[in-house]
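> PDB, C-alpha atoms, saved as target-v2.pdb, coming up:
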```pdb
ATOM      1  CA  MET A   2     -34.342  44.318 -11.318
ATOM      2  CA  THR A   3     -37.496  44.852  -9.348
ATOM      3  CA  LEU A   4     -41.048  45.212 -10.611
ATOM      4  CA  GLN A   5     -41.028  49.002 -10.422
ATOM      5  CA  ASP A   6     -38.154  49.167 -12.949
ATOM      6  CA  LEU A   7     -40.086  47.179 -15.563
ATOM      7  CA  PRO A   8     -42.575  48.384 -18.191
ATOM      8  CA  LEU A   9     -46.149  47.224 -17.451
ATOM      9  CA  ASP A  10     -49.346  47.630 -19.451
ATOM     10  CA  LYS A  11     -52.375  49.448 -18.035
ATOM     11  CA  ASP A  12     -53.589  46.247 -16.339
ATOM     12  CA  GLY A  13     -50.224  45.552 -14.698
ATOM     13  CA  PHE A  14     -49.065  42.810 -17.108
ATOM     14  CA  LEU A  15     -45.360  42.710 -18.020
ATOM     15  CA  VAL A  16     -44.780  44.259 -21.437
ATOM     16  CA  ASN A  17     -41.646  42.162 -22.097
ATOM     17  CA  LEU A  18     -41.953  38.432 -21.505
ATOM     18  CA  ASN A  19     -38.190  38.201 -20.979
ATOM     19  CA  ASP A  20     -38.358  40.486 -17.938
ATOM     20  CA  TRP A  21     -39.996  37.694 -15.938
ATOM     21  CA  SER A  22     -38.263  35.809 -13.136
ATOM     22  CA  PRO A  23     -39.561  33.904 -10.105
ATOM     23  CA  THR A  24     -38.666  36.927  -7.964
ATOM     24  CA  ILE A  25     -40.707  39.219 -10.220
ATOM     25  CA  ALA A  26     -43.543  36.684  -9.967
ATOM     26  CA  GLU A  27     -43.473  37.007  -6.157
ATOM     27  CA  GLU A  28     -43.706  40.784  -6.517
ATOM     28  CA  ILE A  29     -46.614  40.717  -8.972
ATOM     29  CA  ALA A  30     -48.391  38.218  -6.698
ATOM     30  CA  ALA A  31     -47.876  40.512  -3.698
ATOM     31  CA  HIS A  32     -49.667  43.277  -5.626
ATOM     32  CA  GLU A  33     -52.584  40.854  -5.990
ATOM     33  CA  ASN A  34     -52.401  40.068  -2.252
ATOM     34  CA  ILE A  35     -51.292  36.527  -2.983
ATOM     35  CA  ALA A  36     -48.399  34.792  -1.191
ATOM     36  CA  LEU A  37     -47.160  32.138  -3.601
ATOM     37  CA  THR A  38     -47.250  28.528  -2.371
ATOM     38  CA  PRO A  39     -46.154  25.340  -4.210
ATOM     39  CA  GLU A  40     -49.816  24.969  -5.267
ATOM     40  CA  HIS A  41     -49.671  28.385  -6.961
ATOM     41  CA  TRP A  42     -46.363  27.519  -8.596
ATOM     42  CA  GLU A  43     -47.638  24.361 -10.241
ATOM     43  CA  ILE A  44     -50.338  26.443 -11.950
ATOM     44  CA  ILE A  45     -47.856  29.188 -12.890
ATOM     45  CA  ASP A  46     -45.540  26.566 -14.397
ATOM     46  CA  LEU A  47     -48.501  25.074 -16.223
ATOM     47  CA  VAL A  48     -49.609  28.355 -17.859
ATOM     48  CA  ARG A  49     -45.999  29.077 -18.838
ATOM     49  CA  GLU A  50     -45.734  25.622 -20.454
ATOM     50  CA  PHE A  51     -49.039  26.246 -22.238
ATOM     51  CA  TYR A  52     -47.736  29.553 -23.582
ATOM     52  CA  ASP A  53     -44.504  27.921 -24.687
ATOM     53  CA  GLU A  54     -46.386  25.198 -26.566
ATOM     54  CA  PHE A  55     -49.157  27.269 -28.181
ATOM     55  CA  GLY A  56     -48.122  30.936 -27.951
ATOM     56  CA  LEU A  57     -51.380  31.642 -26.118
ATOM     57  CA  SER A  58     -52.396  32.664 -22.612
ATOM     58  CA  PRO A  59     -55.188  30.255 -21.644
ATOM     59  CA  VAL A  60     -58.687  31.537 -20.849
ATOM     60  CA  ASN A  61     -60.441  30.202 -17.718
ATOM     61  CA  ARG A  62     -62.199  27.286 -19.373
ATOM     62  CA  VAL A  63     -58.987  26.171 -21.026
ATOM     63  CA  LEU A  64     -57.003  26.574 -17.798
ATOM     64  CA  VAL A  65     -59.520  24.367 -15.967
ATOM     65  CA  LYS A  66     -59.334  21.740 -18.715
ATOM     66  CA  THR A  67     -55.522  21.771 -18.924
ATOM     67  CA  THR A  68     -55.115  21.685 -15.141
ATOM     68  CA  GLY A  69     -57.451  18.682 -14.988
ATOM     69  CA  ALA A  70     -55.472  16.888 -17.666
ATOM     70  CA  LYS A  71     -52.055  17.627 -16.116
ATOM     71  CA  LEU A  72     -52.694  17.744 -12.354
ATOM     72  CA  GLY A  73     -55.861  15.712 -11.882
ATOM     73  CA  GLN A  74     -59.561  16.440 -11.548
ATOM     74  CA  ASN A  75     -59.356  17.540  -7.891
ATOM     75  CA  LYS A  76     -57.368  20.564  -9.142
ATOM     76  CA  GLY A  77     -58.940  20.953 -12.573
ATOM     77  CA  ASN A  78     -62.010  22.834 -11.399
ATOM     78  CA  SER A  79     -62.981  26.494 -11.075
ATOM     79  CA  ILE A  80     -63.425  26.425  -7.296
ATOM     80  CA  TYR A  81     -59.894  25.196  -6.615
ATOM     81  CA  LEU A  82     -58.359  27.652  -9.098
ATOM     82  CA  MET A  83     -60.517  30.515  -7.841
ATOM     83  CA  GLN A  84     -59.239  29.895  -4.294
ATOM     84  CA  LEU A  85     -55.644  30.117  -5.493
ATOM     85  CA  PHE A  86     -56.181  33.115  -7.770
ATOM     86  CA  PRO A  87     -59.234  35.069  -6.583
ATOM     87  CA  GLY A  88     -60.805  37.397  -9.134
ATOM     88  CA  GLY A  89     -60.112  35.358 -12.290
ATOM     89  CA  PRO A  90     -57.729  32.397 -12.259
ATOM     90  CA  ALA A  91     -56.524  32.603 -15.893
ATOM     91  CA  LYS A  92     -56.025  36.352 -15.824
ATOM     92  CA  ILE A  93     -54.240  36.472 -12.448
ATOM     93  CA  ALA A  94     -52.158  33.339 -13.063
ATOM     94  CA  CYS A  95     -51.011  34.680 -16.455
ATOM     95  CA  LYS A  96     -50.191  38.051 -14.914
ATOM     96  CA  ILE A  97     -48.016  36.432 -12.217
ATOM     97  CA  ALA A  98     -46.491  34.122 -14.851
ATOM     98  CA  GLY A  99     -45.376  37.155 -16.875
ATOM     99  CA  LEU A 100     -47.584  36.285 -19.855
ATOM    100  CA  PRO A 101     -49.882  38.537 -21.911
ATOM    101  CA  LYS A 102     -53.467  39.023 -20.738
ATOM    102  CA  PRO A 103     -55.652  36.181 -22.077
ATOM    103  CA  ASN A 104     -57.706  37.246 -25.096
ATOM    104  CA  ASN A 105     -61.468  37.418 -24.809
ATOM    105  CA  CYS A 106     -61.155  37.614 -21.066
ATOM    106  CA  LEU A 107     -64.157  39.706 -20.093
TER     107      LEU A 107
ATOM    108  CA  MET B   5     -27.081  41.493 -64.616
ATOM    109  CA  VAL B   6     -30.132  42.213 -62.529
ATOM    110  CA  LEU B   7     -31.100  40.645 -59.216
ATOM    111  CA  HIS B   8     -34.869  40.148 -59.135
ATOM    112  CA  ILE B   9     -36.285  39.899 -55.604
ATOM    113  CA  PHE B  10     -39.733  38.338 -55.249
ATOM    114  CA  ASN B  11     -41.576  38.209 -51.908
ATOM    115  CA  LYS B  12     -45.123  37.111 -52.793
ATOM    116  CA  GLY B  13     -46.857  33.724 -52.652
ATOM    117  CA  ILE B  14     -48.846  31.714 -55.170
ATOM    118  CA  ARG B  15     -51.807  34.092 -55.259
ATOM    119  CA  HIS B  16     -49.465  36.565 -57.025
ATOM    120  CA  ARG B  17     -48.727  34.249 -59.935
ATOM    121  CA  GLU B  18     -49.368  36.985 -62.543
ATOM    122  CA  LEU B  19     -46.727  39.193 -60.973
ATOM    123  CA  LEU B  20     -44.175  36.361 -60.948
ATOM    124  CA  LYS B  21     -45.067  35.686 -64.578
ATOM    125  CA  THR B  22     -44.330  39.320 -65.451
ATOM    126  CA  CYS B  23     -41.078  39.099 -63.513
ATOM    127  CA  ALA B  24     -40.135  35.790 -65.201
ATOM    128  CA  GLU B  25     -40.746  37.242 -68.677
ATOM    129  CA  LEU B  26     -38.322  40.063 -67.897
ATOM    130  CA  ILE B  27     -35.518  37.949 -66.451
ATOM    131  CA  GLY B  28     -32.494  37.689 -68.744
ATOM    132  CA  PRO B  29     -30.131  34.690 -68.839
ATOM    133  CA  ASP B  30     -27.488  36.550 -66.776
ATOM    134  CA  ASP B  31     -30.010  37.705 -64.170
ATOM    135  CA  SER B  32     -30.774  35.998 -60.866
ATOM    136  CA  LEU B  33     -33.994  35.517 -58.952
ATOM    137  CA  LEU B  34     -34.063  35.640 -55.157
ATOM    138  CA  LEU B  35     -37.195  34.371 -53.396
ATOM    139  CA  ILE B  36     -37.843  35.891 -49.962
ATOM    140  CA  GLU B  37     -40.700  36.049 -47.390
ATOM    141  CA  ASP B  38     -43.870  34.360 -48.782
ATOM    142  CA  GLY B  39     -41.976  34.032 -52.081
ATOM    143  CA  VAL B  40     -40.076  31.030 -50.670
ATOM    144  CA  ILE B  41     -43.226  28.940 -51.204
ATOM    145  CA  TRP B  42     -42.284  28.922 -54.904
ATOM    146  CA  ALA B  43     -38.997  27.244 -53.949
ATOM    147  CA  LYS B  44     -40.681  24.066 -52.687
ATOM    148  CA  GLU B  45     -41.072  21.307 -55.228
ATOM    149  CA  HIS B  46     -44.778  21.157 -56.125
ATOM    150  CA  LYS B  47     -47.283  21.448 -58.950
ATOM    151  CA  GLU B  48     -47.423  25.229 -58.756
ATOM    152  CA  ASN B  49     -43.794  26.028 -59.473
ATOM    153  CA  ALA B  50     -43.716  25.550 -63.270
ATOM    154  CA  LEU B  51     -42.678  29.195 -63.714
ATOM    155  CA  ILE B  52     -39.625  28.598 -61.519
ATOM    156  CA  GLN B  53     -38.832  25.362 -63.347
ATOM    157  CA  GLY B  54     -38.983  27.300 -66.629
ATOM    158  CA  LEU B  55     -36.427  29.779 -65.320
ATOM    159  CA  LEU B  56     -34.137  27.013 -64.079
ATOM    160  CA  ASP B  57     -34.417  25.292 -67.470
ATOM    161  CA  ALA B  58     -33.366  28.571 -69.114
ATOM    162  CA  GLY B  59     -30.249  28.625 -66.941
ATOM    163  CA  VAL B  60     -31.340  31.383 -64.585
ATOM    164  CA  GLN B  61     -29.936  31.124 -61.057
ATOM    165  CA  VAL B  62     -32.754  30.878 -58.528
ATOM    166  CA  HIS B  63     -32.071  31.465 -54.818
ATOM    167  CA  ALA B  64     -34.304  31.290 -51.766
ATOM    168  CA  LEU B  65     -33.612  32.999 -48.450
ATOM    169  CA  GLN B  66     -32.800  30.351 -45.812
ATOM    170  CA  GLU B  67     -34.172  32.388 -42.890
ATOM    171  CA  ASP B  68     -37.590  32.620 -44.566
ATOM    172  CA  LEU B  69     -37.572  28.908 -45.466
ATOM    173  CA  THR B  70     -36.751  27.986 -41.858
ATOM    174  CA  ALA B  71     -39.431  30.319 -40.492
ATOM    175  CA  ARG B  72     -42.084  28.592 -42.607
ATOM    176  CA  GLY B  73     -40.848  25.024 -42.217
ATOM    177  CA  ILE B  74     -40.352  24.761 -45.993
ATOM    178  CA  THR B  75     -37.546  22.818 -47.739
ATOM    179  CA  ALA B  76     -36.345  24.183 -51.088
ATOM    180  CA  ALA B  77     -36.106  21.951 -54.155
ATOM    181  CA  ASP B  78     -32.589  20.663 -54.914
ATOM    182  CA  ALA B  79     -32.203  22.890 -57.994
ATOM    183  CA  ILE B  80     -32.654  26.023 -55.891
ATOM    184  CA  ALA B  81     -29.695  27.581 -54.093
ATOM    185  CA  THR B  82     -30.381  28.729 -50.565
ATOM    186  CA  ALA B  83     -28.858  32.000 -49.379
ATOM    187  CA  ASP B  84     -28.661  33.358 -45.849
ATOM    188  CA  TYR B  85     -28.783  37.096 -45.014
ATOM    189  CA  ALA B  86     -25.000  37.440 -45.537
ATOM    190  CA  GLN B  87     -25.235  35.789 -48.964
ATOM    191  CA  PHE B  88     -28.238  38.015 -49.759
ATOM    192  CA  VAL B  89     -25.916  40.985 -49.274
ATOM    193  CA  GLU B  90     -23.264  39.357 -51.499
ATOM    194  CA  LEU B  91     -25.903  38.787 -54.199
ATOM    195  CA  THR B  92     -26.905  42.459 -54.172
ATOM    196  CA  GLU B  93     -23.214  43.414 -54.371
ATOM    197  CA  ARG B  94     -22.551  41.067 -57.267
ATOM    198  CA  HIS B  95     -25.457  42.454 -59.321
ATOM    199  CA  PRO B  96     -25.104  46.098 -60.415
ATOM    200  CA  ARG B  97     -28.889  46.467 -60.314
ATOM    201  CA  SER B  98     -31.658  44.912 -58.296
ATOM    202  CA  VAL B  99     -35.416  45.151 -58.479
ATOM    203  CA  SER B 100     -37.917  44.256 -55.768
ATOM    204  CA  TRP B 101     -41.211  43.024 -57.215
ATOM    205  CA  PHE B 102     -43.412  44.237 -54.359
TER     206      PHE B 102
ATOM    207  CA  MET C   8     -78.928  27.618 -37.072
ATOM    208  CA  SER C   9     -78.384  24.140 -35.735
ATOM    209  CA  GLU C  10     -80.920  22.574 -33.378
ATOM    210  CA  THR C  11     -78.851  23.612 -30.358
ATOM    211  CA  GLY C  12     -79.352  27.288 -31.224
ATOM    212  CA  LYS C  13     -75.646  27.850 -31.777
ATOM    213  CA  LYS C  14     -74.524  29.615 -34.930
ATOM    214  CA  ARG C  15     -72.470  27.574 -37.367
ATOM    215  CA  LEU C  16     -69.426  29.698 -38.115
ATOM    216  CA  LEU C  17     -67.022  28.728 -40.874
ATOM    217  CA  TYR C  18     -63.510  30.193 -41.017
ATOM    218  CA  LEU C  19     -61.416  29.944 -44.187
ATOM    219  CA  ILE C  20     -57.660  30.408 -43.806
ATOM    220  CA  THR C  21     -56.196  31.107 -47.236
ATOM    221  CA  ARG C  22     -52.820  32.808 -46.718
ATOM    222  CA  PRO C  23     -49.415  31.506 -45.671
ATOM    223  CA  PRO C  24     -47.837  32.604 -42.380
ATOM    224  CA  PHE C  25     -45.603  35.640 -41.684
ATOM    225  CA  GLY C  26     -45.966  37.536 -44.989
ATOM    226  CA  ASP C  27     -48.946  39.362 -43.507
ATOM    227  CA  ALA C  28     -51.106  39.249 -40.370
ATOM    228  CA  TYR C  29     -54.134  37.429 -41.828
ATOM    229  CA  GLY C  30     -53.220  34.050 -40.332
ATOM    230  CA  ALA C  31     -52.717  35.467 -36.840
ATOM    231  CA  GLU C  32     -55.937  37.480 -37.109
ATOM    232  CA  GLY C  33     -57.821  34.423 -38.342
ATOM    233  CA  LEU C  34     -56.576  32.437 -35.347
ATOM    234  CA  ASP C  35     -57.695  35.202 -32.951
ATOM    235  CA  ALA C  36     -61.135  35.292 -34.581
ATOM    236  CA  VAL C  37     -61.535  31.509 -34.324
ATOM    237  CA  LEU C  38     -60.449  31.505 -30.655
ATOM    238  CA  ALA C  39     -62.895  34.333 -29.874
ATOM    239  CA  ALA C  40     -65.771  32.417 -31.475
ATOM    240  CA  ALA C  41     -64.749  29.264 -29.584
ATOM    241  CA  VAL C  42     -64.721  31.105 -26.250
ATOM    242  CA  PHE C  43     -68.268  32.313 -26.981
ATOM    243  CA  ASP C  44     -69.213  28.661 -27.417
ATOM    244  CA  GLN C  45     -70.254  28.802 -31.061
ATOM    245  CA  ASP C  46     -70.229  25.875 -33.486
ATOM    246  CA  VAL C  47     -66.934  26.609 -35.208
ATOM    247  CA  GLU C  48     -65.339  24.953 -38.233
ATOM    248  CA  VAL C  49     -62.003  25.878 -39.794
ATOM    249  CA  ILE C  50     -60.818  25.023 -43.300
ATOM    250  CA  PHE C  51     -57.300  25.685 -44.569
ATOM    251  CA  LEU C  52     -57.358  26.452 -48.295
ATOM    252  CA  GLU C  53     -54.695  27.217 -50.880
ATOM    253  CA  GLU C  54     -51.478  28.563 -49.327
ATOM    254  CA  GLY C  55     -53.284  28.635 -45.989
ATOM    255  CA  VAL C  56     -52.146  25.004 -45.576
ATOM    256  CA  PHE C  57     -48.652  26.376 -44.893
ATOM    257  CA  GLN C  58     -49.996  27.723 -41.575
ATOM    258  CA  LEU C  59     -49.878  24.057 -40.516
ATOM    259  CA  SER C  60     -46.330  23.274 -41.682
ATOM    260  CA  LYS C  61     -44.666  20.971 -39.192
ATOM    261  CA  ASN C  62     -41.344  22.721 -38.657
ATOM    262  CA  ILE C  63     -42.327  26.371 -38.416
ATOM    263  CA  ASP C  64     -39.601  28.331 -36.592
ATOM    264  CA  PRO C  65     -39.751  32.118 -37.095
ATOM    265  CA  ALA C  66     -36.803  32.805 -34.755
ATOM    266  CA  PRO C  67     -34.478  33.677 -37.708
ATOM    267  CA  ILE C  68     -36.902  36.387 -38.894
ATOM    268  CA  ALA C  69     -37.629  37.577 -35.329
ATOM    269  CA  MET C  70     -41.381  37.093 -35.508
ATOM    270  CA  LYS C  71     -43.803  35.592 -33.022
ATOM    271  CA  ASN C  72     -44.928  32.054 -33.870
ATOM    272  CA  HIS C  73     -48.704  32.539 -33.981
ATOM    273  CA  ALA C  74     -49.068  29.351 -36.054
ATOM    274  CA  LYS C  75     -48.526  27.004 -33.096
ATOM    275  CA  GLY C  76     -51.752  28.474 -31.679
ATOM    276  CA  PHE C  77     -53.746  26.489 -34.264
ATOM    277  CA  LYS C  78     -52.625  23.323 -32.446
ATOM    278  CA  ALA C  79     -54.544  24.523 -29.367
ATOM    279  CA  LEU C  80     -57.891  24.659 -31.202
ATOM    280  CA  PRO C  81     -59.092  21.236 -29.961
ATOM    281  CA  ILE C  82     -58.407  22.341 -26.352
ATOM    282  CA  TYR C  83     -60.587  25.405 -27.042
ATOM    283  CA  GLY C  84     -63.363  23.083 -28.192
ATOM    284  CA  VAL C  85     -62.802  23.492 -31.937
ATOM    285  CA  GLU C  86     -62.650  19.903 -33.179
ATOM    286  CA  LYS C  87     -63.741  20.402 -36.794
ATOM    287  CA  ILE C  88     -60.535  21.343 -38.567
ATOM    288  CA  PHE C  89     -60.074  20.595 -42.254
ATOM    289  CA  VAL C  90     -57.666  21.157 -45.113
ATOM    290  CA  SER C  91     -58.422  21.254 -48.803
ATOM    291  CA  MET C  92     -57.288  18.061 -50.492
ATOM    292  CA  GLU C  93     -56.712  20.074 -53.647
ATOM    293  CA  ALA C  94     -54.318  22.409 -51.801
ATOM    294  CA  LEU C  95     -52.377  19.483 -50.303
ATOM    295  CA  ASP C  96     -52.102  17.959 -53.762
ATOM    296  CA  LYS C  97     -50.999  21.246 -55.352
ATOM    297  CA  PHE C  98     -48.217  21.747 -52.852
ATOM    298  CA  ALA C  99     -47.137  18.092 -52.710
ATOM    299  CA  LEU C 100     -48.135  17.763 -49.057
ATOM    300  CA  SER C 101     -50.015  15.097 -47.126
ATOM    301  CA  THR C 102     -51.823  15.366 -43.804
ATOM    302  CA  ASP C 103     -48.746  13.653 -42.262
ATOM    303  CA  ASP C 104     -46.701  16.758 -43.143
ATOM    304  CA  LEU C 105     -48.945  18.958 -40.994
ATOM    305  CA  SER C 106     -48.497  20.090 -37.400
ATOM    306  CA  MET C 107     -51.807  18.622 -36.168
ATOM    307  CA  PRO C 108     -54.333  15.951 -37.117
ATOM    308  CA  VAL C 109     -56.826  17.321 -39.647
ATOM    309  CA  GLU C 110     -59.239  15.850 -42.151
ATOM    310  CA  ALA C 111     -58.685  16.502 -45.871
ATOM    311  CA  LEU C 112     -61.806  17.515 -47.815
ATOM    312  CA  GLU C 113     -62.629  17.396 -51.516
ATOM    313  CA  ILE C 114     -63.879  20.617 -53.136
ATOM    314  CA  ASP C 115     -67.497  19.376 -53.121
ATOM    315  CA  ALA C 116     -67.392  18.740 -49.377
ATOM    316  CA  ILE C 117     -66.029  22.265 -48.831
ATOM    317  CA  LYS C 118     -68.824  23.712 -50.987
ATOM    318  CA  GLU C 119     -71.343  21.773 -48.913
ATOM    319  CA  LYS C 120     -69.948  23.248 -45.681
ATOM    320  CA  MET C 121     -70.108  26.736 -47.167
ATOM    321  CA  ALA C 122     -73.688  26.191 -48.284
ATOM    322  CA  THR C 123     -74.824  25.199 -44.790
ATOM    323  CA  ALA C 124     -72.856  27.626 -42.559
ATOM    324  CA  ASP C 125     -74.633  30.577 -40.920
ATOM    325  CA  HIS C 126     -71.641  32.848 -41.476
ATOM    326  CA  ILE C 127     -68.409  32.477 -43.431
ATOM    327  CA  PHE C 128     -65.245  34.455 -42.669
ATOM    328  CA  SER C 129     -62.169  34.462 -44.884
ATOM    329  CA  PHE C 130     -58.667  35.303 -43.704
TER     330      PHE C 130
END
```
Please re-express this file's structure in structure tokens.


Amino acid sequence: MTLQDLPLDKDGFLVNLNDWSPTIAEEIAAHENIALTPEHWEIIDLVREFYDEFGLSPVNRVLVKTTGAKLGQNKGNSIYLMQLFPGGPAKIACKIAGLPKPNNCL
Amino acid sequence: MVLHIFNKGIRHRELLKTCAELIGPDDSLLLIEDGVIWAKEHKENALIQGLLDAGVQVHALQEDLTARGITAADAIATADYAQFVELTERHPRSVSWF
Amino acid sequence: MSETGKKRLLYLITRPPFGDAYGAEGLDAVLAAAVFDQDVEVIFLEEGVFQLSKNIDPAPIAMKNHAKGFKALPIYGVEKIFVSMEALDKFALSTDDLSMPVEALEIDAIKEKMATADHIFSF
């Protein structure tokens, strides 16, 4: 399975959560011009855990807060997350993580 | 022998009352979906207790109990989807109180 | 309006989960208000308390578990979450039976909150 075989919504988010795999994540990231590093992966794992626990894709403010709580304050800030996922950390991280687009994400 | 199927919660008490008045001693009641809330032991289930006292068999669908994290009172028989099918086969008629 | 200029928004959740979409829609509405940084309060009334049942698992009925989203409310900045004491009593529940820490309110306290909110939404 590669990304082009999978149904995507108009914003490029996976339609079926079960279609996701780390390989698919690499492909989605490539479309966003991001080469995934361990630093990206710890955020991707974190948003996937958040979704598993609450059934929600976190918005930016919540991603910052949760990252701070789980990975420390030097990572739980917008600048750090923005560098990893330019253009909207919560939205891009959720997209790469195979999750739905965060609600209320303007 | 009629199988009465009820899928509504406490806010539909009047409908359950109507249903309860029309249940005969050989009939059965099956609680499904939000209806499984009536199967929990609490102050709101006097109608169900009345039916049990009259000897009516009351069942609640296990899948819907599990979904809602609700445990049925001891006097209520739980039925899974397969047993739901058996119940409909055992009763010549069924009515869904939607 | 409170002195901070934020609107006080009160959300009433009155229906149990999965029978209809009101609970999921109520959650979405509360999260939206929280993201826009309003002063949000949520009260679970009547069968709405079943949205907070501890062991919700809709896998057997193949539905999405929206209810676990309520547990994220504090992370979204919604700290004022209440249940009706009358509803708990009716359904033989205590706050220990619920999926998250909440405060139980008497009817008069709920009336007071309704009397002082800027807007009230019922789901």

> Can you pull out every residue within 12 Å of range 108-120 of chain C, counting all atoms listed in the file, but drop anything in the same chain fewer than 2 positions away, and send it as number ranges by chain?

C: 15-19, 47-53, 56, 59-61, 77-81, 85-96, 100-106, 122-127

> Please write the residues from the selection above to a file, keeping C-alpha atoms, as a CSV table (one decimal), in the coordinates of the input.


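The resulting result-v7.csv:
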```
chain,number,residue,atom,x,y,z
C,15,ARG,CA,-72.5,27.6,-37.4
C,16,LEU,CA,-69.4,29.7,-38.1
C,17,LEU,CA,-67.0,28.7,-40.9
C,18,TYR,CA,-63.5,30.2,-41.0
C,19,LEU,CA,-61.4,29.9,-44.2
C,47,VAL,CA,-66.9,26.6,-35.2
C,48,GLU,CA,-65.3,25.0,-38.2
C,49,VAL,CA,-62.0,25.9,-39.8
C,50,ILE,CA,-60.8,25.0,-43.3
C,51,PHE,CA,-57.3,25.7,-44.6
C,52,LEU,CA,-57.4,26.5,-48.3
C,53,GLU,CA,-54.7,27.2,-50.9
C,56,VAL,CA,-52.1,25.0,-45.6
C,59,LEU,CA,-49.9,24.1,-40.5
C,60,SER,CA,-46.3,23.3,-41.7
C,61,LYS,CA,-44.7,21.0,-39.2
C,77,PHE,CA,-53.7,26.5,-34.3
C,78,LYS,CA,-52.6,23.3,-32.4
C,79,ALA,CA,-54.5,24.5,-29.4
C,80,LEU,CA,-57.9,24.7,-31.2
C,81,PRO,CA,-59.1,21.2,-30.0
C,85,VAL,CA,-62.8,23.5,-31.9
C,86,GLU,CA,-62.6,19.9,-33.2
C,87,LYS,CA,-63.7,20.4,-36.8
C,88,ILE,CA,-60.5,21.3,-38.6
C,89,PHE,CA,-60.1,20.6,-42.3
C,90,VAL,CA,-57.7,21.2,-45.1
C,91,SER,CA,-58.4,21.3,-48.8
C,92,MET,CA,-57.3,18.1,-50.5
C,93,GLU,CA,-56.7,20.1,-53.6
C,94,ALA,CA,-54.3,22.4,-51.8
C,95,LEU,CA,-52.4,19.5,-50.3
C,96,ASP,CA,-52.1,18.0,-53.8
C,100,LEU,CA,-48.1,17.8,-49.1
C,101,SER,CA,-50.0,15.1,-47.1
C,102,THR,CA,-51.8,15.4,-43.8
C,103,ASP,CA,-48.7,13.7,-42.3
C,104,ASP,CA,-46.7,16.8,-43.1
C,105,LEU,CA,-48.9,19.0,-41.0
C,106,SER,CA,-48.5,20.1,-37.4
C,122,ALA,CA,-73.7,26.2,-48.3
C,123,THR,CA,-74.8,25.2,-44.8
C,124,ALA,CA,-72.9,27.6,-42.6
C,125,ASP,CA,-74.6,30.6,-40.9
C,126,HIS,CA,-71.6,32.8,-41.5
C,127,ILE,CA,-68.4,32.5,-43.4
```

> For Pro59 in chain A, find every residue with an atom within 10 Å (counting only C-alpha atoms), except residues of its own chain fewer than 4 positions away, and show them as a list of chain:residue names.

A:Val48, A:Arg49, A:Phe51, A:Tyr52, A:Phe55, A:Val63, A:Leu64, A:Val65, A:Lys66, A:Thr67, A:Pro90, A:Ala91, A:Lys92, A:Ala94, A:Cys95, A:Leu100, A:Pro101, A:Lys102, A:Pro103, A:Asn104, A:Cys106, C:Ala79, C:Ile82, C:Tyr83

> Could you list, as a list of chain:residue names, every residue of chain B that has an atom within 8 Å of an atom of chain C, counting only C-alpha atoms?

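The complete set of qualifying residues is B:Lys12, B:Gly13, B:Ile14, B:Glu37, B:Asp38, B:Lys44, B:Glu45, B:His46, B:Lys47, B:Glu48, B:Glu67, B:Asp68, B:Thr70, B:Ala71, B:Arg72, B:Gly73, B:Ile74.
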
> Grab the CA of Asp44 in chain C to CA of Ser129 in chain C distance for me, in Å with one decimal place.

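Between CA of Asp44 in chain C and CA of Ser129 in chain C the gap is 19.7 Å.
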
> What does the PyMOL selection byres ((chain B and resi 59) around 10) select in this file, as JSON, numbers by chain?

{"B": [28, 29, 30, 31, 32, 53, 54, 55, 56, 57, 58, 60, 61, 62]}

> Which polymer residues have any atom within 9 Å of an atom of Trp101 in chain B, counting all atoms listed in the file, with same-chain residues fewer than 6 positions away left out, as a short mmCIF file (atom, residue, chain, number, x, y, z; two decimals) with C-alpha atoms, keeping the file's coordinate frame?


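Produced file part-v2.cif, reproduced below:
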```cif
data_model
loop_
_atom_site.label_atom_id
_atom_site.label_comp_id
_atom_site.auth_asym_id
_atom_site.auth_seq_id
_atom_site.Cartn_x
_atom_site.Cartn_y
_atom_site.Cartn_z
CA HIS B 8 -34.87 40.15 -59.14
CA ILE B 9 -36.28 39.90 -55.60
CA PHE B 10 -39.73 38.34 -55.25
CA ASN B 11 -41.58 38.21 -51.91
CA LYS B 12 -45.12 37.11 -52.79
CA LEU B 19 -46.73 39.19 -60.97
CA LEU B 20 -44.18 36.36 -60.95
CA CYS B 23 -41.08 39.10 -63.51
#
```

> Could you spell out the hits of the PyMOL selection byres ((chain A and resi 75-81) around 12) on the shown file, as a PyMOL selection string?

chain A and resi 40-41+43-44+47+60-74+82-91

> Any idea what's packed within 9 Å of Glu33 in chain A, counting only C-alpha atoms, ignoring anything in its chain fewer than 3 positions away? Could you give it as a list in words?

Glu28, Ile29, Ala30, Ala36, Phe86, Pro87, Ile93 and Ile97 of chain A

> List the spatial neighbours of range 96-98 of chain B as number ranges by chain - criterion: any atom at most 7 Å away, only C-alpha atoms, same-chain residues fewer than 3 positions off excluded.

B: 5-8, 92-93

> As an exercise, work out the distance from CA of Arg17 in chain B to CA of Ala43 in chain B in Å and give it to one decimal place.

13.4 Å
